[in-house]
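Just target-v9.csv here, CSV, N, CA and C atoms and all ligand atoms:
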chain,number,residue,atom,x,y,z
A,1,MET,N,15.3,45.8,15.0
A,1,MET,CA,15.6,46.3,16.4
A,1,MET,C,15.2,45.3,17.4
A,2,ASN,N,15.8,45.3,18.5
A,2,ASN,CA,15.3,44.6,19.7
A,2,ASN,C,14.4,45.5,20.5
A,3,ILE,N,13.1,45.2,20.4
A,3,ILE,CA,12.1,46.0,21.0
A,3,ILE,C,11.6,45.4,22.3
A,4,PHE,N,11.6,46.1,23.4
A,4,PHE,CA,11.2,45.6,24.7
A,4,PHE,C,9.9,46.3,25.1
A,5,PHE,N,8.9,45.4,25.3
A,5,PHE,CA,7.5,45.9,25.7
A,5,PHE,C,7.4,45.6,27.2
A,6,ASP,N,7.0,46.7,27.9
A,6,ASP,CA,6.5,46.5,29.3
A,6,ASP,C,5.2,45.7,29.2
A,7,VAL,N,4.7,45.2,30.4
A,7,VAL,CA,3.5,44.4,30.4
A,7,VAL,C,2.3,45.1,30.9
A,8,ASP,N,2.3,45.5,32.2
A,8,ASP,CA,1.1,46.1,32.9
A,8,ASP,C,0.9,47.5,32.4
A,9,ASP,N,-0.3,47.7,31.9
A,9,ASP,CA,-0.7,49.0,31.3
A,9,ASP,C,0.0,49.3,30.0
A,10,THR,N,0.7,48.3,29.5
A,10,THR,CA,1.3,48.5,28.2
A,10,THR,C,0.7,47.6,27.2
A,11,ILE,N,0.8,46.2,27.4
A,11,ILE,CA,0.1,45.3,26.5
A,11,ILE,C,-1.1,44.7,27.1
A,12,ILE,N,-1.3,44.8,28.5
A,12,ILE,CA,-2.5,44.4,29.1
A,12,ILE,C,-3.1,45.5,29.9
A,13,SER,N,-4.4,45.5,30.0
A,13,SER,CA,-5.2,46.5,30.8
A,13,SER,C,-5.1,46.2,32.3
A,14,TRP,N,-5.6,47.1,33.1
A,14,TRP,CA,-5.5,47.0,34.5
A,14,TRP,C,-6.2,45.7,35.0
A,15,ASP,N,-7.2,45.3,34.2
A,15,ASP,CA,-8.0,44.1,34.6
A,15,ASP,C,-7.6,42.9,33.8
A,16,VAL,N,-6.3,42.9,33.3
A,16,VAL,CA,-5.6,41.8,32.7
A,16,VAL,C,-6.4,41.3,31.4
A,17,ARG,N,-6.7,42.3,30.6
A,17,ARG,CA,-7.2,41.9,29.2
A,17,ARG,C,-6.1,42.4,28.2
A,18,LEU,N,-5.9,41.6,27.2
A,18,LEU,CA,-4.9,42.0,26.1
A,18,LEU,C,-5.5,43.2,25.4
A,19,ARG,N,-4.7,44.2,25.2
A,19,ARG,CA,-5.1,45.4,24.6
A,19,ARG,C,-5.4,45.2,23.1
A,20,PRO,N,-6.3,45.9,22.5
A,20,PRO,CA,-6.6,45.8,21.1
A,20,PRO,C,-5.3,46.1,20.3
A,21,GLY,N,-5.1,45.2,19.3
A,21,GLY,CA,-4.0,45.4,18.3
A,21,GLY,C,-2.7,44.7,18.7
A,22,VAL,N,-2.6,44.2,19.9
A,22,VAL,CA,-1.3,43.6,20.4
A,22,VAL,C,-0.9,42.5,19.4
A,23,ASP,N,-1.8,41.6,19.2
A,23,ASP,CA,-1.4,40.4,18.4
A,23,ASP,C,-1.1,40.9,16.9
A,24,GLU,N,-1.9,41.7,16.4
A,24,GLU,CA,-1.7,42.3,15.0
A,24,GLU,C,-0.4,43.0,14.9
A,25,ILE,N,-0.1,43.9,15.9
A,25,ILE,CA,1.1,44.7,15.8
A,25,ILE,C,2.3,43.9,16.0
A,26,PHE,N,2.3,43.0,17.0
A,26,PHE,CA,3.4,42.1,17.2
A,26,PHE,C,3.7,41.3,15.9
A,27,GLN,N,2.7,40.8,15.2
A,27,GLN,CA,2.9,40.1,14.0
A,27,GLN,C,3.6,41.0,12.9
A,28,GLN,N,3.0,42.3,12.8
A,28,GLN,CA,3.6,43.2,11.9
A,28,GLN,C,5.0,43.6,12.2
A,29,LEU,N,5.3,43.8,13.4
A,29,LEU,CA,6.7,44.2,13.8
A,29,LEU,C,7.7,43.0,13.5
A,30,ARG,N,7.2,41.8,13.7
A,30,ARG,CA,8.1,40.7,13.3
A,30,ARG,C,8.3,40.6,11.8
A,31,GLU,N,7.2,40.8,11.1
A,31,GLU,CA,7.4,40.9,9.6
A,31,GLU,C,8.3,42.0,9.1
A,32,ASP,N,8.3,43.1,9.9
A,32,ASP,CA,9.2,44.2,9.6
A,32,ASP,C,10.6,43.9,10.0
A,33,GLY,N,10.9,42.7,10.6
A,33,GLY,CA,12.2,42.3,10.9
A,33,GLY,C,12.7,42.6,12.4
A,34,HIS,N,11.8,43.0,13.2
A,34,HIS,CA,12.1,43.3,14.6
A,34,HIS,C,12.0,42.0,15.5
A,35,THR,N,12.7,42.1,16.6
A,35,THR,CA,12.7,41.0,17.6
A,35,THR,C,12.0,41.6,18.9
A,36,LEU,N,11.1,40.8,19.4
A,36,LEU,CA,10.2,41.3,20.5
A,36,LEU,C,10.5,40.6,21.8
A,37,TYR,N,10.6,41.4,22.9
A,37,TYR,CA,10.8,40.9,24.2
A,37,TYR,C,9.7,41.5,25.1
A,38,LEU,N,9.4,40.8,26.2
A,38,LEU,CA,8.7,41.5,27.3
A,38,LEU,C,9.6,41.6,28.5
A,39,TRP,N,9.4,42.7,29.2
A,39,TRP,CA,10.0,42.8,30.5
A,39,TRP,C,9.1,43.6,31.5
A,40,SER,N,9.3,43.3,32.8
A,40,SER,CA,8.4,43.8,33.8
A,40,SER,C,9.1,44.0,35.1
A,41,GLY,N,8.7,45.0,35.9
A,41,GLY,CA,9.2,45.2,37.2
A,41,GLY,C,8.8,44.0,38.1
A,42,TYR,N,7.9,43.2,37.7
A,42,TYR,CA,7.5,42.0,38.5
A,42,TYR,C,8.2,40.8,38.0
A,43,GLY,N,9.1,40.9,37.1
A,43,GLY,CA,9.9,39.8,36.7
A,43,GLY,C,9.4,39.3,35.3
A,44,PRO,N,10.0,38.2,34.8
A,44,PRO,CA,9.7,37.6,33.5
A,44,PRO,C,8.2,37.1,33.5
A,45,ARG,N,7.5,37.6,32.6
A,45,ARG,CA,6.0,37.4,32.7
A,45,ARG,C,5.5,36.3,31.7
A,46,TRP,N,6.1,35.1,31.9
A,46,TRP,CA,5.7,34.0,31.0
A,46,TRP,C,4.2,33.7,31.1
A,47,GLU,N,3.6,34.0,32.3
A,47,GLU,CA,2.2,33.7,32.4
A,47,GLU,C,1.3,34.5,31.5
A,48,VAL,N,1.8,35.7,31.2
A,48,VAL,CA,1.1,36.6,30.2
A,48,VAL,C,1.3,36.0,28.8
A,49,VAL,N,2.5,35.6,28.5
A,49,VAL,CA,2.8,35.0,27.2
A,49,VAL,C,1.9,33.8,27.0
A,50,ARG,N,1.8,32.9,28.0
A,50,ARG,CA,0.9,31.7,27.9
A,50,ARG,C,-0.6,32.1,27.8
A,51,ARG,N,-1.0,33.0,28.7
A,51,ARG,CA,-2.4,33.3,28.8
A,51,ARG,C,-2.9,33.9,27.4
A,52,PHE,N,-2.1,34.7,26.8
A,52,PHE,CA,-2.6,35.3,25.5
A,52,PHE,C,-1.9,34.7,24.3
A,53,ASP,N,-1.3,33.6,24.5
A,53,ASP,CA,-0.7,32.8,23.4
A,53,ASP,C,0.2,33.7,22.5
A,54,LEU,N,1.2,34.3,23.1
A,54,LEU,CA,2.1,35.2,22.4
A,54,LEU,C,3.4,34.5,22.1
A,55,HIS,N,3.5,33.2,22.3
A,55,HIS,CA,4.8,32.5,22.1
A,55,HIS,C,5.5,32.8,20.8
A,56,GLU,N,4.7,32.8,19.7
A,56,GLU,CA,5.3,33.0,18.4
A,56,GLU,C,5.9,34.4,18.2
A,57,HIS,N,5.5,35.3,19.0
A,57,HIS,CA,6.0,36.7,18.9
A,57,HIS,C,7.2,37.0,19.8
A,58,ILE,N,7.1,36.5,21.0
A,58,ILE,CA,8.0,36.9,22.1
A,58,ILE,C,9.2,35.9,22.3
A,59,ILE,N,10.4,36.4,22.1
A,59,ILE,CA,11.6,35.6,22.1
A,59,ILE,C,12.0,35.3,23.5
A,60,ASP,N,11.8,36.3,24.4
A,60,ASP,CA,12.3,36.1,25.8
A,60,ASP,C,11.6,37.1,26.7
A,61,CYS,N,11.6,36.8,28.0
A,61,CYS,CA,11.1,37.7,29.0
A,61,CYS,C,12.1,38.0,30.1
A,62,PHE,N,12.2,39.2,30.6
A,62,PHE,CA,13.2,39.7,31.5
A,62,PHE,C,12.6,40.5,32.7
A,63,TRP,N,13.4,40.6,33.7
A,63,TRP,CA,13.2,41.6,34.7
A,63,TRP,C,13.5,43.0,34.1
A,64,LYS,N,12.7,44.0,34.5
A,64,LYS,CA,12.9,45.4,34.0
A,64,LYS,C,13.5,46.2,35.2
A,65,PRO,N,14.6,46.9,34.9
A,65,PRO,CA,15.2,47.7,36.0
A,65,PRO,C,14.3,48.9,36.3
A,66,LEU,N,13.9,49.1,37.5
A,66,LEU,CA,13.0,50.3,37.8
A,66,LEU,C,13.8,51.5,38.3
A,67,HIS,N,15.1,51.3,38.5
A,67,HIS,CA,16.0,52.5,38.8
A,67,HIS,C,17.4,52.1,38.4
A,68,ASN,N,18.3,53.0,38.3
A,68,ASN,CA,19.7,52.8,37.8
A,68,ASN,C,19.6,51.9,36.5
A,69,HIS,N,18.7,52.3,35.6
A,69,HIS,CA,18.3,51.5,34.6
A,69,HIS,C,19.4,50.8,33.8
A,70,HIS,N,20.3,51.5,33.3
A,70,HIS,CA,21.4,50.9,32.5
A,70,HIS,C,22.3,50.1,33.4
A,71,ALA,N,22.6,50.6,34.6
A,71,ALA,CA,23.6,49.9,35.4
A,71,ALA,C,23.1,48.5,35.9
A,72,ARG,N,21.8,48.4,36.0
A,72,ARG,CA,21.2,47.1,36.5
A,72,ARG,C,20.9,46.1,35.5
A,73,LEU,N,21.2,46.4,34.2
A,73,LEU,CA,20.8,45.4,33.2
A,73,LEU,C,21.6,44.0,33.4
A,74,ASP,N,22.9,44.2,33.7
A,74,ASP,CA,23.7,43.0,34.0
A,74,ASP,C,23.2,42.1,35.1
A,75,GLU,N,22.9,42.9,36.2
A,75,GLU,CA,22.4,42.2,37.5
A,75,GLU,C,21.1,41.5,37.2
A,76,LEU,N,20.3,42.0,36.3
A,76,LEU,CA,19.0,41.4,36.0
A,76,LEU,C,19.1,40.5,34.8
A,77,LYS,N,20.3,40.2,34.4
A,77,LYS,CA,20.5,39.3,33.3
A,77,LYS,C,19.8,39.6,32.0
A,78,VAL,N,19.7,40.9,31.8
A,78,VAL,CA,19.3,41.4,30.4
A,78,VAL,C,20.5,41.4,29.6
A,79,PRO,N,20.5,40.6,28.5
A,79,PRO,CA,21.8,40.4,27.8
A,79,PRO,C,22.3,41.5,26.9
A,80,PHE,N,21.4,42.5,26.6
A,80,PHE,CA,21.8,43.7,25.8
A,80,PHE,C,20.9,44.8,26.1
A,81,VAL,N,21.3,46.0,25.7
A,81,VAL,CA,20.6,47.2,25.9
A,81,VAL,C,19.4,47.2,24.8
A,82,PRO,N,18.2,47.4,25.2
A,82,PRO,CA,17.1,47.5,24.2
A,82,PRO,C,17.4,48.6,23.2
A,83,ASP,N,17.0,48.4,22.0
A,83,ASP,CA,17.1,49.4,20.9
A,83,ASP,C,15.9,50.3,21.1
A,84,TYR,N,14.8,49.8,21.6
A,84,TYR,CA,13.5,50.6,21.6
A,84,TYR,C,12.7,50.0,22.7
A,85,THR,N,12.0,50.8,23.5
A,85,THR,CA,11.1,50.3,24.6
A,85,THR,C,9.8,51.0,24.4
A,86,VAL,N,8.7,50.2,24.9
A,86,VAL,CA,7.4,50.7,24.9
A,86,VAL,C,6.9,50.5,26.3
A,87,ASP,N,6.5,51.6,27.0
A,87,ASP,CA,6.2,51.6,28.4
A,87,ASP,C,5.2,52.7,28.8
A,88,ASP,N,4.5,52.5,29.8
A,88,ASP,CA,3.6,53.5,30.3
A,88,ASP,C,4.3,54.4,31.4
A,89,HIS,N,5.6,54.1,31.7
A,89,HIS,CA,6.3,54.9,32.6
A,89,HIS,C,7.4,55.7,31.8
A,90,VAL,N,7.4,57.0,32.0
A,90,VAL,CA,8.3,57.8,31.2
A,90,VAL,C,9.8,57.6,31.5
A,91,GLU,N,10.0,57.2,32.8
A,91,GLU,CA,11.4,57.0,33.2
A,91,GLU,C,12.1,55.9,32.2
A,92,ILE,N,11.4,54.9,31.9
A,92,ILE,CA,12.0,53.9,31.0
A,92,ILE,C,12.3,54.4,29.6
A,93,ILE,N,11.3,55.3,29.1
A,93,ILE,CA,11.5,55.9,27.8
A,93,ILE,C,12.7,56.8,27.8
A,94,GLN,N,12.8,57.6,28.9
A,94,GLN,CA,13.9,58.5,29.1
A,94,GLN,C,15.3,57.8,29.1
A,95,ALA,N,15.3,56.6,29.8
A,95,ALA,CA,16.5,55.8,29.9
A,95,ALA,C,16.9,55.1,28.6
A,96,PHE,N,16.0,54.6,27.9
A,96,PHE,CA,16.3,53.7,26.8
A,96,PHE,C,15.8,54.2,25.4
A,97,GLY,N,14.9,55.1,25.4
A,97,GLY,CA,14.3,55.6,24.2
A,97,GLY,C,13.1,54.7,23.9
A,98,GLY,N,12.2,55.3,23.1
A,98,GLY,CA,11.0,54.5,22.7
A,98,GLY,C,9.7,55.3,22.7
A,99,SER,N,8.7,54.6,22.9
A,99,SER,CA,7.3,55.2,22.9
A,99,SER,C,6.7,55.1,24.3
A,100,LEU,N,6.2,56.2,24.7
A,100,LEU,CA,5.3,56.2,26.0
A,100,LEU,C,3.9,55.8,25.5
A,101,ILE,N,3.3,54.9,26.2
A,101,ILE,CA,2.0,54.4,25.9
A,101,ILE,C,1.0,54.8,27.0
A,102,LYS,N,-0.1,55.3,26.6
A,102,LYS,CA,-1.1,55.6,27.7
A,102,LYS,C,-1.8,54.3,28.1
A,103,PRO,N,-2.1,54.1,29.4
A,103,PRO,CA,-2.9,53.0,29.9
A,103,PRO,C,-4.2,52.9,29.1
A,104,ALA,N,-4.7,51.7,29.0
A,104,ALA,CA,-6.0,51.5,28.2
A,104,ALA,C,-7.1,52.2,28.9
A,105,PRO,N,-8.0,52.8,28.1
A,105,PRO,CA,-9.2,53.4,28.6
A,105,PRO,C,-10.2,52.4,29.2
A,106,MET,N,-11.1,52.8,30.0
A,106,MET,CA,-12.1,51.9,30.5
A,106,MET,C,-12.8,51.1,29.4
A,107,ARG,N,-13.2,51.8,28.4
A,107,ARG,CA,-13.8,51.1,27.2
A,107,ARG,C,-12.7,50.6,26.3
A,108,LEU,N,-12.3,49.4,26.5
A,108,LEU,CA,-11.1,48.9,25.8
A,108,LEU,C,-11.3,48.9,24.2
A,109,GLU,N,-12.5,48.9,23.8
A,109,GLU,CA,-12.7,48.9,22.3
A,109,GLU,C,-12.3,50.2,21.7
A,110,ARG,N,-12.1,51.2,22.5
A,110,ARG,CA,-11.7,52.6,22.0
A,110,ARG,C,-10.2,52.7,22.0
A,111,ASP,N,-9.5,51.8,22.4
A,111,ASP,CA,-8.1,51.9,22.6
A,111,ASP,C,-7.4,51.7,21.3
A,112,ARG,N,-6.7,52.8,20.8
A,112,ARG,CA,-5.9,52.8,19.6
A,112,ARG,C,-4.4,52.9,19.8
A,113,GLU,N,-4.0,52.8,21.0
A,113,GLU,CA,-2.6,53.2,21.3
A,113,GLU,C,-1.6,52.3,20.6
A,114,MET,N,-2.0,51.0,20.5
A,114,MET,CA,-1.0,50.1,19.9
A,114,MET,C,-0.7,50.4,18.4
A,115,TRP,N,-1.7,50.9,17.7
A,115,TRP,CA,-1.4,51.3,16.3
A,115,TRP,C,-0.6,52.6,16.3
A,116,ARG,N,-0.9,53.5,17.2
A,116,ARG,CA,-0.1,54.8,17.3
A,116,ARG,C,1.4,54.4,17.6
A,117,VAL,N,1.6,53.5,18.5
A,117,VAL,CA,3.0,53.1,18.9
A,117,VAL,C,3.6,52.5,17.6
A,118,TYR,N,2.9,51.7,16.9
A,118,TYR,CA,3.5,51.1,15.7
A,118,TYR,C,4.0,52.1,14.7
A,119,ASP,N,3.2,53.2,14.5
A,119,ASP,CA,3.6,54.2,13.6
A,119,ASP,C,4.9,54.9,14.1
A,120,GLU,N,5.0,55.1,15.5
A,120,GLU,CA,6.2,55.7,16.0
A,120,GLU,C,7.4,54.8,15.8
A,121,ILE,N,7.2,53.5,16.0
A,121,ILE,CA,8.3,52.6,15.8
A,121,ILE,C,8.8,52.6,14.3
A,122,ARG,N,7.8,52.6,13.4
A,122,ARG,CA,8.2,52.7,12.0
A,122,ARG,C,8.9,53.9,11.7
A,123,ALA,N,8.5,55.0,12.2
A,123,ALA,CA,9.1,56.3,11.9
A,123,ALA,C,10.6,56.3,12.5
A,124,PHE,N,10.7,55.7,13.7
A,124,PHE,CA,12.1,55.7,14.3
A,124,PHE,C,13.0,54.8,13.5
A,125,ALA,N,12.4,53.6,13.1
A,125,ALA,CA,13.3,52.6,12.5
A,125,ALA,C,13.7,53.0,11.1
A,126,SER,N,13.0,54.0,10.5
A,126,SER,CA,13.3,54.4,9.2
A,126,SER,C,14.4,55.5,9.2
A,127,LYS,N,14.7,56.0,10.4
A,127,LYS,CA,15.8,57.0,10.4
A,127,LYS,C,17.1,56.3,10.2
A,128,PRO,N,18.1,57.0,9.6
A,128,PRO,CA,19.4,56.4,9.4
A,128,PRO,C,20.0,56.0,10.7
A,129,GLY,N,20.6,54.8,10.8
A,129,GLY,CA,21.3,54.4,12.0
A,129,GLY,C,20.5,53.9,13.2
A,130,ALA,N,19.2,53.8,13.0
A,130,ALA,CA,18.3,53.4,14.1
A,130,ALA,C,18.6,51.9,14.4
A,131,GLY,N,18.8,51.7,15.7
A,131,GLY,CA,19.0,50.3,16.1
A,131,GLY,C,20.3,49.7,15.8
A,132,GLU,N,21.3,50.5,15.4
A,132,GLU,CA,22.6,49.9,15.1
A,132,GLU,C,23.5,50.1,16.4
B,201,MG,MG,3.6,49.3,33.1
Encoded form using structure tokens:
Amino acid sequence: MNIFFDVDDTIISWDVRLRPGVDEIFQQLREDGHTLYLWSGYGPRWEVVRRFDLHEHIIDCFWKPLHNHHARLDELKVPFVPDYTVDDHVEIIQAFGGSLIKPAPMRLERDREMWRVYDEIRAFASKPGAGE
């Protein structure tokens, strides 16, 4: 599947730390055959890819539509509809499907959300017809 991850409060914390499990889960998802993208309402976030050395995992970065989600994909030059999204905003999940992630807790070491999301992705991907 083409999986689109939001950036703020999804893969990084409010104080710009990479959340626990991101590198491990990105690696695992790639081994499972998925292709990973970042998108953000603030635009393509290559600075996050660089800062946390995510180049080997992330194929491309895009603008994320914050309203008229499907209609604006062309305008924002998103080349296809995501098969699965991970986001802390429910509107994105409602528009494209995927996993709602809770923002990281203050004590980042307690954050297990990325592993929970991975389990949801696996469950979804194992359903007949997922991502086709
Ligand atoms: Mg966010």
### Task
Using all atoms listed in the file, determine which residues lie at most 5 Å from Val86 of chain A, disregarding the query and same-chain residues fewer than 5 positions distant; provide the list as a ChimeraX atom specification.
/A:4-6,99
Select from chain A every residue with an atom at most 6 Å from any atom of ligand MG 201 (chain B), then for each give the shortest pair of atoms and their distance in Å to one decimal, using only N, CA and C atoms and all ligand atoms, rows by chain and rising number, as a tab-separated table.
residue	atom	partner	partner_atom	distance
A:Asp6	CA	B:MG201	MG	5.5
A:Val7	C	B:MG201	MG	4.9
A:Asp8	C	B:MG201	MG	3.3
A:Asp9	N	B:MG201	MG	4.4
A:Thr10	N	B:MG201	MG	4.7
A:Asp87	C	B:MG201	MG	5.7
A:Asp88	N	B:MG201	MG	4.7
A:His89	N	B:MG201	MG	5.4
### Query
Any idea what the distance is between atom CA of Ile3 of chain A and atom C of Asp15 of chain A?
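Calculated distance between atom CA of Ile3 of chain A and atom C of Asp15 of chain A is 23.7 Å.
Relative to atom CA of Tyr37 of chain A, atom CA of Glu120 of chain A is found at 17.5 Å.
Minimum distance to Val16 of chain A across A:Ala130, A:Val81, A:Val48, A:Ala95 (counting only C-alpha atoms) occurs at A:Val48.
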May I have the protein, DNA and RNA residues with any atom at most 12 Å from the point (9.8, 51.9, 10.9), counting only C-alpha atoms, written as a short mmCIF file (atom, residue, chain, number, x, y, z; two decimals) with N, CA and C atoms, keeping the file's coordinate frame?
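Below is the file that was written, selection_25.cif:
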data_model
loop_
_atom_site.label_atom_id
_atom_site.label_comp_id
_atom_site.auth_asym_id
_atom_site.auth_seq_id
_atom_site.Cartn_x
_atom_site.Cartn_y
_atom_site.Cartn_z
N MET A 1 15.30 45.80 15.00
CA MET A 1 15.60 46.30 16.40
C MET A 1 15.20 45.30 17.40
N ILE A 3 13.10 45.20 20.40
CA ILE A 3 12.10 46.00 21.00
C ILE A 3 11.60 45.40 22.30
N GLN A 28 3.00 42.30 12.80
CA GLN A 28 3.60 43.20 11.90
C GLN A 28 5.00 43.60 12.20
N LEU A 29 5.30 43.80 13.40
CA LEU A 29 6.70 44.20 13.80
C LEU A 29 7.70 43.00 13.50
N ARG A 30 7.20 41.80 13.70
CA ARG A 30 8.10 40.70 13.30
C ARG A 30 8.30 40.60 11.80
N GLU A 31 7.20 40.80 11.10
CA GLU A 31 7.40 40.90 9.60
C GLU A 31 8.30 42.00 9.10
N ASP A 32 8.30 43.10 9.90
CA ASP A 32 9.20 44.20 9.60
C ASP A 32 10.60 43.90 10.00
N GLY A 33 10.90 42.70 10.60
CA GLY A 33 12.20 42.30 10.90
C GLY A 33 12.70 42.60 12.40
N HIS A 34 11.80 43.00 13.20
CA HIS A 34 12.10 43.30 14.60
C HIS A 34 12.00 42.00 15.50
N TYR A 84 14.80 49.80 21.60
CA TYR A 84 13.50 50.60 21.60
C TYR A 84 12.70 50.00 22.70
N VAL A 117 1.60 53.50 18.50
CA VAL A 117 3.00 53.10 18.90
C VAL A 117 3.60 52.50 17.60
N TYR A 118 2.90 51.70 16.90
CA TYR A 118 3.50 51.10 15.70
C TYR A 118 4.00 52.10 14.70
N ASP A 119 3.20 53.20 14.50
CA ASP A 119 3.60 54.20 13.60
C ASP A 119 4.90 54.90 14.10
N GLU A 120 5.00 55.10 15.50
CA GLU A 120 6.20 55.70 16.00
C GLU A 120 7.40 54.80 15.80
N ILE A 121 7.20 53.50 16.00
CA ILE A 121 8.30 52.60 15.80
C ILE A 121 8.80 52.60 14.30
N ARG A 122 7.80 52.60 13.40
CA ARG A 122 8.20 52.70 12.00
C ARG A 122 8.90 53.90 11.70
N ALA A 123 8.50 55.00 12.20
CA ALA A 123 9.10 56.30 11.90
C ALA A 123 10.60 56.30 12.50
N PHE A 124 10.70 55.70 13.70
CA PHE A 124 12.10 55.70 14.30
C PHE A 124 13.00 54.80 13.50
N ALA A 125 12.40 53.60 13.10
CA ALA A 125 13.30 52.60 12.50
C ALA A 125 13.70 53.00 11.10
N SER A 126 13.00 54.00 10.50
CA SER A 126 13.30 54.40 9.20
C SER A 126 14.40 55.50 9.20
N LYS A 127 14.70 56.00 10.40
CA LYS A 127 15.80 57.00 10.40
C LYS A 127 17.10 56.30 10.20
N PRO A 128 18.10 57.00 9.60
CA PRO A 128 19.40 56.40 9.40
C PRO A 128 20.00 56.00 10.70
N GLY A 129 20.60 54.80 10.80
CA GLY A 129 21.30 54.40 12.00
C GLY A 129 20.50 53.90 13.20
N ALA A 130 19.20 53.80 13.00
CA ALA A 130 18.30 53.40 14.10
C ALA A 130 18.60 51.90 14.40
N GLY A 131 18.80 51.70 15.70
CA GLY A 131 19.00 50.30 16.10
C GLY A 131 20.30 49.70 15.80
#
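The interatomic distance for the pair atom CA of Leu38 of chain A and atom CA of Phe62 of chain A works out to 6.4 Å.
Per DSSP on the backbone, strand (DSSP E) in chain A comprises Asn2, Ile3, Phe4, Phe5, Thr35, Leu36, Tyr37, Leu38, Trp39, Ser40, Ile58, Ile59, Asp60, Cys61, Phe62, Trp63, Tyr84, Thr85, Val86, Asp87, Gly98, Ser99 and Leu100 of chain A.
Protein, DNA and RNA residues at most 5 Å from (-7.2, 49.2, 29.2), with all atoms listed in the file, are these: Ser13, Trp14, Pro103, Ala104 and Pro105 of chain A.
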### Message
Given only C-alpha atoms as the basis, pick out the residue of A:Ile11, A:Val78, A:Ile25, A:Leu66 nearest to Val49 of chain A.
### Response
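Under the stated criterion, the closest residue is A:Ile11.
Distances from A:Lys102, A:Arg45, A:Arg17, A:Arg107 to Cys61 of chain A were compared using all atoms listed in the file, and the smallest one belongs to A:Arg45.
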### Task
Name all residues at most 12 Å from Asp23 of chain A (count only C-alpha atoms; drop same-chain ones fewer than 3 positions away) and give them as an MDAnalysis selection string.
chainID A and resid 11:12 18:20 26:30 36 49 52:58 114:115
#### Entry: Residue with smallest distance to Asp60 of chain A - pool A:Glu75, A:Thr35, A:Ile101, A:Ile92, counting only N, CA and C atoms
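Closest to Asp60 of chain A, using only N, CA and C atoms: A:Thr35.
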